[in-house]
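Student: Structure below; questions to follow.
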Amino acid sequence: MAKSMASAPPVNASRVAEIKKAIASGNFPILPATIADRLMAFRLDWTSNDKA
C-alpha cells in the first residue's frame with residue numbers, strides 16, 4: 001500500500017480541476033490578508049537554524 005501511495009502524485013486532481021474552473025470563471029476568492037497570514041504561518045514553522 002505504501003508503494004502505491006508513494007508512486008501516486010500527492011495531488012487531489014478533482015480539487016485542482018475545481019480550483020481551475022473557479023479561476024477561469026472569476027469565482028475564486030483572492031484574499032490578500034489570508035495569503036499573508038498563511039505565508040507568515042509558513043515562515044514561523046521553519047526551524048530557528050534556517051536563514052531568513
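Order determines the names: the first chain of the C-alpha cells is A, the second B, and so forth; residues in each chain are numbered 1 upward, and ligands are numbered 1 upward as they are shown.
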Output as a ChimeraX atom specification all residues of segment 5-41 of chain A that backbone DSSP marks as helix (DSSP H, G or I).
Tutor: /A:5-7,13-25,32-41
Student: What does the distance between atom CA of Phe42 of chain A and atom CA of Ser7 of chain A come to in Å, to one decimal place?
Tutor: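 Result for atom CA of Phe42 of chain A versus atom CA of Ser7 of chain A: 26.5 Å, one decimal.
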Student: Report, in Å with one decimal, the straight-line distance from atom CA of Phe28 of chain A to atom CA of Asn12 of chain A.
Tutor: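 One can read the atom CA of Phe28 of chain A to atom CA of Asn12 of chain A distance as 17.4 Å.
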Student: One decimal, in Å: what's the spacing between atom CA of Ser14 of chain A and atom CA of Ala33 of chain A?
Tutor: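 Interatomic distance, atom CA of Ser14 of chain A to atom CA of Ala33 of chain A: 26.3 Å.
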